[in-house]
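> This is the content of work-v2.cif (mmCIF, C-alpha atoms):
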data_query
loop_
_atom_site.label_atom_id
_atom_site.label_comp_id
_atom_site.auth_asym_id
_atom_site.auth_seq_id
_atom_site.Cartn_x
_atom_site.Cartn_y
_atom_site.Cartn_z
CA LEU A 27 -92.43 -106.72 -123.15
CA GLN A 28 -95.09 -104.64 -121.43
CA ALA A 29 -94.77 -101.97 -124.10
CA SER A 30 -95.77 -104.38 -126.86
CA TYR A 31 -99.04 -105.41 -125.22
CA GLY A 32 -102.04 -103.72 -126.80
CA ALA A 33 -99.98 -102.43 -129.71
CA GLY A 34 -101.87 -104.42 -132.39
CA ASP A 35 -104.99 -103.60 -134.38
CA LYS A 36 -107.36 -104.81 -131.68
CA PRO A 37 -108.86 -101.95 -129.60
CA VAL A 38 -107.54 -101.55 -126.06
CA THR A 39 -110.30 -102.30 -123.57
CA PHE A 40 -111.92 -99.42 -121.68
CA ILE A 41 -110.10 -96.76 -123.75
CA LEU A 42 -112.05 -94.17 -125.78
CA GLU A 43 -111.84 -94.46 -129.54
CA ARG A 44 -110.23 -91.03 -129.77
CA ASP A 45 -107.44 -92.16 -127.41
CA GLN A 46 -106.73 -95.55 -129.00
CA ALA A 47 -103.96 -94.53 -131.43
CA LEU A 48 -102.22 -92.26 -128.92
CA PHE A 49 -102.47 -94.89 -126.19
CA LYS A 50 -100.85 -97.55 -128.39
CA ALA A 51 -98.13 -95.19 -129.61
CA PHE A 52 -97.07 -93.87 -126.20
CA LYS A 53 -97.85 -96.75 -123.85
CA GLY A 54 -94.27 -98.01 -123.95
CA PRO A 55 -92.46 -94.66 -123.46
CA ALA A 56 -94.93 -93.59 -120.75
CA PHE A 57 -94.49 -96.88 -118.92
CA GLU A 58 -90.71 -96.39 -119.03
CA VAL A 59 -91.01 -92.95 -117.42
CA GLN A 60 -93.41 -94.25 -114.76
CA VAL A 61 -91.22 -97.21 -113.80
CA GLY A 62 -88.09 -95.05 -113.67
CA ILE A 63 -89.62 -92.52 -111.27
CA HIS A 64 -91.46 -95.25 -109.33
CA GLU A 65 -88.30 -97.19 -108.54
CA LEU A 66 -85.70 -94.42 -108.18
CA LEU A 67 -87.62 -91.54 -106.61
CA GLY A 68 -90.64 -93.40 -105.23
CA HIS A 69 -89.12 -96.36 -103.42
CA GLY A 70 -85.82 -94.50 -103.16
CA SER A 71 -86.97 -91.63 -100.97
CA GLY A 72 -88.44 -90.89 -97.56
CA ARG A 73 -87.02 -90.86 -94.02
CA LEU A 74 -88.29 -92.96 -91.09
CA TYR A 75 -88.16 -91.54 -87.56
CA HIS A 76 -87.53 -93.84 -84.59
CA LYS A 77 -88.32 -93.02 -80.97
CA ASN A 78 -85.55 -91.35 -78.96
CA SER A 79 -83.24 -91.20 -82.00
CA LYS A 80 -81.22 -88.07 -82.75
CA ASP A 81 -83.41 -87.37 -85.79
CA SER A 82 -86.72 -87.71 -83.93
CA VAL A 83 -85.53 -85.53 -81.04
CA ALA A 84 -84.48 -82.81 -83.50
CA PHE A 85 -87.81 -83.21 -85.32
CA LEU A 86 -89.81 -82.68 -82.12
CA GLU A 87 -87.71 -79.64 -81.21
CA SER A 88 -88.47 -78.12 -84.62
CA LYS A 89 -92.22 -78.31 -83.96
CA VAL A 90 -93.10 -79.12 -87.56
CA LYS A 91 -96.70 -78.27 -88.38
CA CYS A 92 -98.98 -80.78 -90.07
CA PRO A 93 -99.05 -79.85 -93.80
CA TRP A 94 -102.86 -80.23 -94.10
CA ASP A 95 -103.79 -78.90 -90.65
CA ALA A 96 -101.63 -76.02 -89.42
CA SER A 97 -103.30 -76.14 -86.00
CA LYS A 98 -101.53 -79.44 -85.29
CA VAL A 99 -97.85 -80.20 -84.72
CA LEU A 100 -96.42 -83.50 -85.94
CA ASP A 101 -95.25 -85.43 -82.87
CA GLY A 102 -95.00 -89.07 -83.89
CA PRO A 103 -95.82 -91.70 -82.76
CA PHE A 104 -92.52 -92.72 -84.45
CA TYR A 105 -91.17 -96.24 -84.89
CA ASP A 106 -90.28 -98.29 -81.83
CA GLU A 107 -86.63 -99.17 -81.42
CA GLY A 108 -85.71 -102.21 -83.49
CA THR A 109 -88.84 -102.07 -85.66
CA THR A 110 -89.00 -101.56 -89.40
CA TRP A 111 -91.50 -100.28 -91.94
CA ASP A 112 -92.70 -103.82 -92.69
CA SER A 113 -92.98 -104.94 -89.09
CA THR A 114 -94.89 -101.80 -88.11
CA PHE A 115 -97.33 -101.60 -91.02
CA GLY A 116 -97.79 -105.33 -91.49
CA LYS A 117 -100.22 -106.41 -94.24
CA ILE A 118 -100.68 -102.94 -95.71
CA ALA A 119 -96.94 -102.24 -95.93
CA SER A 120 -96.55 -103.55 -99.48
CA PRO A 121 -99.65 -102.04 -101.18
CA TYR A 122 -99.19 -98.78 -99.27
CA GLU A 123 -95.56 -98.49 -100.41
CA GLU A 124 -96.46 -99.36 -104.01
CA CYS A 125 -99.13 -96.68 -103.89
CA ARG A 126 -96.60 -94.12 -102.66
CA ALA A 127 -94.22 -95.03 -105.50
CA GLU A 128 -96.97 -94.99 -108.14
CA CYS A 129 -98.15 -91.58 -106.92
CA SER A 130 -94.56 -90.34 -107.18
CA GLY A 131 -94.48 -91.50 -110.78
CA ILE A 132 -97.57 -89.72 -112.04
CA TYR A 133 -96.85 -86.62 -109.93
CA LEU A 134 -93.22 -86.12 -110.94
CA CYS A 135 -93.78 -86.94 -114.62
CA LEU A 136 -95.42 -83.50 -114.75
CA GLU A 137 -91.97 -81.95 -114.31
CA LYS A 138 -90.21 -80.83 -117.51
CA ASP A 139 -86.76 -81.72 -116.15
CA VAL A 140 -87.89 -85.26 -115.33
CA LEU A 141 -89.24 -85.86 -118.84
CA GLN A 142 -86.00 -84.56 -120.32
CA VAL A 143 -84.03 -87.14 -118.35
CA PHE A 144 -85.95 -89.79 -120.30
CA GLY A 145 -85.24 -88.10 -123.61
CA HIS A 146 -88.50 -86.18 -124.01
CA SER A 147 -87.22 -82.68 -124.71
CA ASP A 148 -90.20 -81.52 -126.78
CA VAL A 149 -92.09 -80.21 -123.76
CA VAL A 150 -94.15 -77.09 -124.47
CA LYS A 151 -94.95 -74.81 -121.52
CA GLY A 152 -98.64 -74.78 -120.72
CA GLN A 153 -99.38 -77.99 -122.62
CA VAL A 154 -99.82 -81.52 -121.31
CA HIS A 155 -97.26 -83.71 -123.08
CA ASP A 156 -98.54 -86.91 -124.68
CA ILE A 157 -96.30 -88.91 -122.31
CA ILE A 158 -97.98 -87.28 -119.30
CA TYR A 159 -101.49 -87.82 -120.62
CA ILE A 160 -100.95 -91.47 -121.47
CA ASN A 161 -99.11 -92.14 -118.20
CA TRP A 162 -102.09 -90.83 -116.24
CA LEU A 163 -104.51 -92.67 -118.52
CA LEU A 164 -102.53 -95.88 -117.97
CA MET A 165 -102.87 -95.41 -114.22
CA VAL A 166 -106.62 -94.78 -114.32
CA ARG A 167 -107.18 -97.82 -116.55
CA ALA A 168 -104.91 -99.93 -114.32
CA GLY A 169 -106.96 -98.92 -111.29
CA LEU A 170 -110.11 -100.11 -113.01
CA MET A 171 -108.53 -103.37 -114.19
CA GLY A 172 -107.08 -103.91 -110.74
CA LEU A 173 -110.56 -104.86 -109.56
CA GLU A 174 -109.86 -108.32 -110.98
CA PHE A 175 -107.55 -108.88 -108.03
CA PHE A 176 -110.15 -108.03 -105.40
CA THR A 177 -111.95 -110.98 -103.81
CA PRO A 178 -115.53 -109.95 -102.93
CA GLU A 179 -116.13 -113.00 -100.70
CA THR A 180 -113.32 -112.07 -98.31
CA LYS A 181 -113.12 -108.35 -99.16
CA THR A 182 -109.38 -108.65 -99.63
CA TRP A 183 -106.84 -107.68 -102.28
CA ARG A 184 -104.58 -110.36 -103.74
CA GLN A 185 -102.01 -108.12 -105.41
CA ALA A 186 -100.21 -105.11 -103.92
CA HIS A 187 -99.73 -103.10 -107.13
CA MET A 188 -103.36 -103.54 -108.17
CA ASN A 189 -104.58 -102.47 -104.74
CA ALA A 190 -102.35 -99.41 -104.99
CA ARG A 191 -103.62 -98.43 -108.45
CA TYR A 192 -107.24 -98.86 -107.41
CA VAL A 193 -106.63 -96.53 -104.47
CA ILE A 194 -105.19 -93.94 -106.87
CA LEU A 195 -108.27 -94.30 -109.08
CA ARG A 196 -110.46 -93.62 -106.04
CA VAL A 197 -108.43 -90.51 -105.19
CA LEU A 198 -108.77 -89.15 -108.74
CA LEU A 199 -112.51 -89.87 -108.82
CA GLU A 200 -112.87 -88.12 -105.48
CA ALA A 201 -111.15 -85.04 -106.91
CA ALA A 202 -114.22 -84.64 -109.15
CA GLN A 203 -114.47 -81.45 -111.29
CA GLY A 204 -114.61 -83.67 -114.37
CA LEU A 205 -111.05 -84.99 -114.03
CA VAL A 206 -111.95 -88.68 -114.29
CA LYS A 207 -115.19 -90.32 -115.31
CA LEU A 208 -116.09 -93.98 -115.77
CA GLU A 209 -118.90 -94.18 -118.34
CA LEU A 210 -121.11 -97.26 -118.54
CA ILE A 211 -122.14 -98.11 -122.13
CA ASN A 212 -123.90 -100.86 -124.10
CA ASN A 213 -126.59 -101.46 -121.49
CA ASP A 214 -124.04 -101.45 -118.68
CA THR A 215 -121.97 -104.27 -120.23
CA ASP A 216 -118.90 -102.14 -120.89
CA VAL A 217 -117.16 -99.10 -119.44
CA LEU A 218 -115.06 -96.30 -120.91
CA VAL A 219 -112.43 -94.22 -119.12
CA HIS A 220 -112.64 -90.44 -119.55
CA LEU A 221 -109.62 -88.41 -118.40
CA GLU A 222 -109.76 -84.63 -118.86
CA ARG A 223 -106.30 -83.84 -120.20
CA ASP A 224 -106.29 -80.12 -119.35
CA LEU A 225 -107.16 -80.80 -115.69
CA ILE A 226 -104.16 -83.06 -115.03
CA PRO A 227 -101.70 -80.22 -114.13
CA THR A 228 -104.26 -78.54 -111.85
CA VAL A 229 -106.97 -80.73 -110.33
CA GLY A 230 -105.04 -83.97 -110.86
CA LYS A 231 -101.72 -82.68 -109.57
CA LYS A 232 -103.27 -81.22 -106.42
CA ALA A 233 -105.26 -84.39 -105.67
CA ILE A 234 -102.25 -86.68 -106.03
CA GLY A 235 -99.89 -84.22 -104.36
CA ASP A 236 -102.10 -83.90 -101.28
CA PHE A 237 -102.59 -87.66 -101.07
CA LEU A 238 -98.88 -88.39 -101.57
CA GLU A 239 -98.08 -85.91 -98.81
CA LYS A 240 -100.27 -87.83 -96.37
CA LEU A 241 -98.84 -91.18 -97.47
CA GLN A 242 -95.33 -89.89 -96.81
CA VAL A 243 -96.04 -88.17 -93.50
CA TYR A 244 -97.80 -91.21 -92.04
CA LYS A 245 -94.98 -93.46 -93.20
CA SER A 246 -92.23 -91.20 -91.84
CA MET A 247 -93.99 -90.81 -88.50
CA GLY A 248 -94.71 -94.53 -88.16
CA ASP A 249 -98.38 -93.57 -87.80
CA PHE A 250 -99.97 -96.92 -88.56
CA GLU A 251 -103.35 -96.01 -87.09
CA ASN A 252 -104.04 -93.04 -89.36
CA ALA A 253 -102.30 -94.62 -92.36
CA SER A 254 -104.33 -97.83 -92.18
CA GLN A 255 -107.57 -95.93 -91.70
CA MET A 256 -106.93 -93.74 -94.75
CA PHE A 257 -105.57 -96.46 -97.02
CA GLY A 258 -108.22 -98.93 -95.94
CA SER A 259 -110.97 -96.44 -96.73
CA TYR A 260 -109.73 -95.92 -100.29
CA SER A 261 -109.24 -99.68 -100.74
CA GLU A 262 -112.90 -100.40 -100.07
CA VAL A 263 -114.91 -101.64 -103.06
CA SER A 264 -118.48 -100.36 -103.12
CA GLU A 265 -121.46 -102.00 -104.82
CA ASP A 266 -121.01 -99.69 -107.81
CA MET A 267 -117.39 -100.72 -108.07
CA LEU A 268 -118.37 -104.39 -107.82
CA LYS A 269 -120.57 -103.85 -110.87
CA LEU A 270 -117.54 -102.48 -112.70
CA ARG A 271 -115.54 -105.48 -111.48
CA ALA A 272 -118.08 -107.79 -113.14
CA ILE A 273 -117.50 -105.95 -116.42
CA VAL A 274 -113.72 -106.18 -116.01
CA MET A 275 -113.97 -109.93 -115.42
CA ALA A 276 -116.28 -110.38 -118.42
CA ARG A 277 -113.90 -108.43 -120.67
CA LYS A 278 -110.82 -110.21 -119.36
CA GLU A 279 -108.60 -111.47 -122.18
CA PRO A 280 -106.60 -114.72 -122.15
CA ARG A 281 -103.12 -114.37 -120.75
CA LYS A 282 -100.68 -113.54 -123.52
CA LEU A 283 -98.16 -116.20 -124.57
CA LEU A 284 -94.68 -115.30 -125.76
CA VAL A 285 -93.79 -118.18 -128.07
CA GLN A 286 -90.24 -118.01 -129.38
CA PRO A 287 -89.25 -119.21 -132.88
CA HIS A 288 -86.33 -121.59 -133.28
CA MET A 289 -83.29 -120.96 -135.45
CA SER A 290 -81.32 -123.91 -136.82
CA MET A 291 -78.69 -124.68 -139.45
CA THR A 292 -79.63 -126.94 -142.36
CA GLU A 293 -77.95 -127.95 -145.59
CA ASN A 294 -79.61 -124.96 -147.21
CA GLY A 295 -78.41 -122.52 -144.57
CA CYS A 296 -80.10 -120.86 -141.61
CA GLN A 297 -83.74 -121.76 -141.05
CA ILE A 298 -86.37 -120.11 -138.84
CA THR A 299 -89.17 -122.28 -137.48
CA GLU A 300 -92.19 -120.53 -135.98
CA TYR A 301 -94.81 -122.09 -133.72
CA ALA A 302 -98.48 -121.56 -133.08
CA GLU A 303 -99.51 -118.96 -130.48
CA SER A 304 -100.90 -121.60 -128.15
CA PRO A 305 -99.81 -123.78 -125.20
CA GLU A 306 -99.02 -126.54 -127.70
CA GLY A 307 -96.87 -124.15 -129.72
CA MET A 308 -94.97 -123.10 -126.62
CA ILE A 309 -94.22 -126.74 -125.75
CA GLU A 310 -93.05 -127.43 -129.30
CA SER A 311 -90.78 -124.40 -129.11
CA PHE A 312 -89.20 -125.60 -125.86
CA VAL A 313 -88.73 -129.13 -127.22
CA ALA A 314 -86.97 -127.74 -130.29
CA ARG A 315 -84.72 -125.51 -128.20
CA PHE A 316 -83.94 -128.06 -125.48
CA PRO A 317 -84.10 -131.48 -127.19
CA ALA A 318 -81.87 -133.37 -124.72
CA VAL A 319 -83.55 -135.70 -122.23
CA ASP A 320 -82.97 -135.00 -118.53
CA GLU A 321 -82.44 -138.55 -117.26
CA GLU A 322 -83.08 -137.65 -113.61
CA LEU A 323 -86.31 -135.82 -114.44
CA TRP A 324 -87.41 -138.64 -116.73
CA GLY A 325 -86.82 -141.14 -113.93
CA LEU A 326 -89.06 -139.13 -111.60
CA TYR A 327 -91.74 -139.06 -114.28
CA GLU A 328 -91.64 -142.83 -114.75
CA ALA A 329 -91.72 -143.40 -110.99
CA ASP A 330 -94.94 -141.41 -110.68
CA LEU A 331 -96.54 -142.63 -113.90
CA ASP A 332 -98.65 -145.45 -112.39
CA ALA A 333 -99.94 -143.19 -109.63
CA MET A 334 -100.95 -140.52 -112.11
CA LYS A 335 -102.89 -143.01 -114.26
CA ASP A 336 -105.25 -143.61 -111.35
CA GLN A 337 -106.17 -139.92 -111.06
#
Mind turning the file's structure into structure tokens?

Amino acid sequence: LQASYGAGDKPVTFILERDQALFKAFKGPAFEVQVGIHELLGHGSGRLYHKNSKDSVAFLESKVKCPWDASKVLDGPFYDEGTTWDSTFGKIASPYEECRAECSGIYLCLEKDVLQVFGHSDVVKGQVHDIIYINWLLMVRAGLMGLEFFTPETKTWRQAHMNARYVILRVLLEAAQGLVKLELINNDTDVLVHLERDLIPTVGKKAIGDFLEKLQVYKSMGDFENASQMFGSYSEVSEDMLKLRAIVMARKEPRKLLVQPHMSMTENGCQITEYAESPEGMIESFVARFPAVDEELWGLYEADLDAMKDQ
């Protein structure tokens, strides 16, 4: 279902004109690759170390150096006995984990062997495959659109995946060097996403790889303090981003309705009845498909009818 959205003649919001056709053509296949890696290798990987466990003792004896600061040795703090990822990381556990999985998706889709698993064998060495480009473009656009789910009044995020994608957008913008640019147009009433395709395997890969490394290390070590500080910093929405949020809200489209037709047998054979793409059409479709009256439900309706009339 997701693959069909935005596949019509109407331009996809925030996407450059030159990317429109490619975006519509590869949105579905790219989304499939992203979800596959996200679920299997993103959520499906990573070890947690608990205090005084055999694994943590061996880890400390190995004196593993911090990947981004060789002067430091990783020494915990590790998870307390009986605690879990969710109980230790609390409110940020879900968006943080979704961010780790999403980063895994866009990072590992750069691998030729991974694309081949999904049936994309036409990978040319030294070139960025269309699947890769659109997958990264999907992520950048999703990070921008995720601003809809940020509540300025309380400075909180209402949806874990959207928080995660916004954080990834911030990481890619921070990478600079022309990798990602958000261009305001039409007197600052619209915005266009620029993603430099040739920089994805270099600047983009390093930025996401370094960030994913920190996400994983902090999670494995049970280091809530450093994890929350880092993730919270990237989750912050500045005044400039709030201006972009206003554009996102203004360009927001009505929620799509999937109205099913109804097939029935008549004297003249099989007949297909289609319904309007509206709430009324959806109700008519359900009535045609499920015409029987639920006596118990109808009784509840009648019992509440007088009370509802007074509203």
> Quick one: residues within 9 Å of segment 84-88 of chain A, all atoms listed in the file, excluding same-chain residues fewer than 4 positions away - as an NGL selection string?
:A and (75 or 79-80 or 99-102)
> Leaving out Met171 of chain A and any residue of its chain fewer than 6 positions from it, which residues lie within 10 Å of it when counting only C-alpha atoms, given as a VMD selection string?
chain A and resid 39 to 40 165 188 191 to 192 270 to 271 273 to 275 277 to 278
> On this structure, the PyMOL selection byres ((chain A and resi 134) around 10) would catch which residues? List them as a PyMOL selection string, sorted by chain and number.
chain A and resi 59-60+63-64+67-68+129-133+135-141+158+231+235
> Report the distance between atom CA of Lys98 of chain A and atom CA of Ser246 of chain A in Å, rounded to one decimal place.
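Taking atom CA of Lys98 of chain A and atom CA of Ser246 of chain A, their separation equals 16.4 Å.
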> Which distance in Å separates atom CA of Ile211 of chain A and atom CA of Lys232 of chain A, to one decimal?
29.8 Å
> For Gly116 of chain A, which residue among A:Leu74, A:Leu163, A:Gly248, A:Lys50 is the nearest when counting only C-alpha atoms?
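The answer is A:Gly248, which sits nearest to Gly116 of chain A.
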> Set the distance at 10 Å and use only C-alpha atoms: which residues neighbour Met289 of chain A once local chain neighbours fewer than 2 positions away are removed? I'd like the list as a CSV table (one decimal) with C-alpha atoms, in the coordinates of the input.

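Resulting contents of result15.csv:
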chain,number,residue,atom,x,y,z
A,286,GLN,CA,-90.2,-118.0,-129.4
A,287,PRO,CA,-89.2,-119.2,-132.9
A,291,MET,CA,-78.7,-124.7,-139.4
A,292,THR,CA,-79.6,-126.9,-142.4
A,296,CYS,CA,-80.1,-120.9,-141.6
A,297,GLN,CA,-83.7,-121.8,-141.0
A,298,ILE,CA,-86.4,-120.1,-138.8
A,299,THR,CA,-89.2,-122.3,-137.5
A,300,GLU,CA,-92.2,-120.5,-136.0
A,314,ALA,CA,-87.0,-127.7,-130.3
A,315,ARG,CA,-84.7,-125.5,-128.2
> Using Å and a single decimal, report how far atom CA of Val38 of chain A sits from atom CA of Thr215 of chain A.
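So the two atoms, atom CA of Thr215 of chain A and atom CA of Val38 of chain A, lie 15.8 Å apart.
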> Which is closest to Ile226 of chain A among A:Glu174, A:Glu322, A:Glu265, A:Asp156, if we use all atoms listed in the file?
A:Asp156
> Evaluate the PyMOL selection byres ((chain A and resi 284) around 12) and record the selected residues as a ChimeraX atom specification, following the chain and residue labels used in the document.
/A:27-28,30-31,281-283,285-287,300-305,307-309,311-312
> Taking all heavy atoms as the atom set, what does segment 319-330 of chain A look like once completed, written as an mmCIF file, in the frame of the given file?

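Okay, this is what ended up in part_6.cif:
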data_model
loop_
_atom_site.group_PDB
_atom_site.id
_atom_site.type_symbol
_atom_site.label_atom_id
_atom_site.label_comp_id
_atom_site.auth_asym_id
_atom_site.auth_seq_id
_atom_site.Cartn_x
_atom_site.Cartn_y
_atom_site.Cartn_z
ATOM 1 N N VAL A 319 -82.742 -135.120 -123.290
ATOM 2 C CA VAL A 319 -83.550 -135.700 -122.230
ATOM 3 C C VAL A 319 -82.824 -135.586 -120.891
ATOM 4 O O VAL A 319 -81.653 -135.937 -120.780
ATOM 5 C CB VAL A 319 -83.868 -137.190 -122.521
ATOM 6 C CG1 VAL A 319 -84.615 -137.818 -121.344
ATOM 7 C CG2 VAL A 319 -84.671 -137.313 -123.803
ATOM 8 N N ASP A 320 -83.509 -135.074 -119.886
ATOM 9 C CA ASP A 320 -82.970 -135.000 -118.530
ATOM 10 C C ASP A 320 -83.267 -136.342 -117.868
ATOM 11 O O ASP A 320 -84.407 -136.615 -117.485
ATOM 12 C CB ASP A 320 -83.633 -133.848 -117.776
ATOM 13 C CG ASP A 320 -83.012 -133.613 -116.403
ATOM 14 O OD1 ASP A 320 -82.660 -134.606 -115.733
ATOM 15 O OD2 ASP A 320 -82.900 -132.456 -116.004
ATOM 16 N N GLU A 321 -82.246 -137.193 -117.759
ATOM 17 C CA GLU A 321 -82.440 -138.550 -117.260
ATOM 18 C C GLU A 321 -83.036 -138.576 -115.856
ATOM 19 O O GLU A 321 -83.902 -139.400 -115.537
ATOM 20 C CB GLU A 321 -81.108 -139.308 -117.283
ATOM 21 C CG GLU A 321 -80.523 -139.508 -118.676
ATOM 22 C CD GLU A 321 -81.405 -140.386 -119.562
ATOM 23 O OE1 GLU A 321 -82.260 -141.114 -118.990
ATOM 24 O OE2 GLU A 321 -81.256 -140.340 -120.798
ATOM 25 N N GLU A 322 -82.579 -137.687 -114.991
ATOM 26 C CA GLU A 322 -83.080 -137.650 -113.610
ATOM 27 C C GLU A 322 -84.557 -137.267 -113.594
ATOM 28 O O GLU A 322 -85.364 -137.891 -112.883
ATOM 29 C CB GLU A 322 -82.263 -136.652 -112.791
ATOM 30 C CG GLU A 322 -82.651 -136.627 -111.307
ATOM 31 C CD GLU A 322 -81.756 -135.713 -110.486
ATOM 32 O OE1 GLU A 322 -80.741 -135.223 -111.036
ATOM 33 O OE2 GLU A 322 -82.084 -135.493 -109.305
ATOM 34 N N LEU A 323 -84.918 -136.254 -114.380
ATOM 35 C CA LEU A 323 -86.310 -135.820 -114.440
ATOM 36 C C LEU A 323 -87.187 -136.908 -115.061
ATOM 37 O O LEU A 323 -88.309 -137.154 -114.604
ATOM 38 C CB LEU A 323 -86.412 -134.532 -115.262
ATOM 39 C CG LEU A 323 -87.796 -133.887 -115.346
ATOM 40 C CD1 LEU A 323 -88.293 -133.523 -113.944
ATOM 41 C CD2 LEU A 323 -87.757 -132.644 -116.228
ATOM 42 N N TRP A 324 -86.656 -137.574 -116.083
ATOM 43 C CA TRP A 324 -87.410 -138.640 -116.730
ATOM 44 C C TRP A 324 -87.657 -139.802 -115.757
ATOM 45 O O TRP A 324 -88.719 -140.416 -115.752
ATOM 46 C CB TRP A 324 -86.673 -139.132 -117.968
ATOM 47 C CG TRP A 324 -87.465 -140.124 -118.773
ATOM 48 C CD1 TRP A 324 -87.326 -141.475 -118.807
ATOM 49 C CD2 TRP A 324 -88.548 -139.822 -119.661
ATOM 50 N NE1 TRP A 324 -88.241 -142.056 -119.648
ATOM 51 C CE2 TRP A 324 -89.007 -141.056 -120.183
ATOM 52 C CE3 TRP A 324 -89.181 -138.651 -120.058
ATOM 53 C CZ2 TRP A 324 -90.061 -141.135 -121.091
ATOM 54 C CZ3 TRP A 324 -90.222 -138.724 -120.964
ATOM 55 C CH2 TRP A 324 -90.659 -139.956 -121.463
ATOM 56 N N GLY A 325 -86.670 -140.083 -114.920
ATOM 57 C CA GLY A 325 -86.820 -141.140 -113.930
ATOM 58 C C GLY A 325 -87.915 -140.821 -112.925
ATOM 59 O O GLY A 325 -88.699 -141.704 -112.531
ATOM 60 N N LEU A 326 -88.001 -139.548 -112.511
ATOM 61 C CA LEU A 326 -89.060 -139.130 -111.600
ATOM 62 C C LEU A 326 -90.429 -139.260 -112.256
ATOM 63 O O LEU A 326 -91.411 -139.666 -111.617
ATOM 64 C CB LEU A 326 -88.828 -137.680 -111.155
ATOM 65 C CG LEU A 326 -87.604 -137.430 -110.258
ATOM 66 C CD1 LEU A 326 -87.396 -135.942 -110.059
ATOM 67 C CD2 LEU A 326 -87.775 -138.125 -108.914
ATOM 68 N N TYR A 327 -90.492 -138.943 -113.541
ATOM 69 C CA TYR A 327 -91.740 -139.060 -114.280
ATOM 70 C C TYR A 327 -92.205 -140.513 -114.334
ATOM 71 O O TYR A 327 -93.369 -140.832 -114.061
ATOM 72 C CB TYR A 327 -91.548 -138.506 -115.701
ATOM 73 C CG TYR A 327 -92.613 -138.949 -116.677
ATOM 74 C CD1 TYR A 327 -93.888 -138.398 -116.643
ATOM 75 C CD2 TYR A 327 -92.332 -139.936 -117.628
ATOM 76 C CE1 TYR A 327 -94.868 -138.811 -117.540
ATOM 77 C CE2 TYR A 327 -93.298 -140.363 -118.517
ATOM 78 C CZ TYR A 327 -94.571 -139.793 -118.475
ATOM 79 O OH TYR A 327 -95.530 -140.214 -119.357
ATOM 80 N N GLU A 328 -91.281 -141.407 -114.652
ATOM 81 C CA GLU A 328 -91.640 -142.830 -114.750
ATOM 82 C C GLU A 328 -92.052 -143.390 -113.392
ATOM 83 O O GLU A 328 -92.946 -144.243 -113.311
ATOM 84 C CB GLU A 328 -90.468 -143.612 -115.327
ATOM 85 C CG GLU A 328 -90.210 -143.319 -116.805
ATOM 86 C CD GLU A 328 -89.153 -144.227 -117.391
ATOM 87 O OE1 GLU A 328 -88.155 -144.517 -116.667
ATOM 88 O OE2 GLU A 328 -89.300 -144.656 -118.556
ATOM 89 N N ALA A 329 -91.394 -142.908 -112.337
ATOM 90 C CA ALA A 329 -91.720 -143.400 -110.990
ATOM 91 C C ALA A 329 -93.139 -143.018 -110.577
ATOM 92 O O ALA A 329 -93.805 -143.748 -109.831
ATOM 93 C CB ALA A 329 -90.712 -142.842 -109.985
ATOM 94 N N ASP A 330 -93.602 -141.892 -111.058
ATOM 95 C CA ASP A 330 -94.940 -141.410 -110.680
ATOM 96 C C ASP A 330 -96.012 -141.757 -111.701
ATOM 97 O O ASP A 330 -97.197 -141.468 -111.488
ATOM 98 C CB ASP A 330 -94.927 -139.881 -110.501
ATOM 99 C CG ASP A 330 -94.111 -139.455 -109.300
ATOM 100 O OD1 ASP A 330 -93.912 -140.292 -108.410
ATOM 101 O OD2 ASP A 330 -93.667 -138.285 -109.248
#
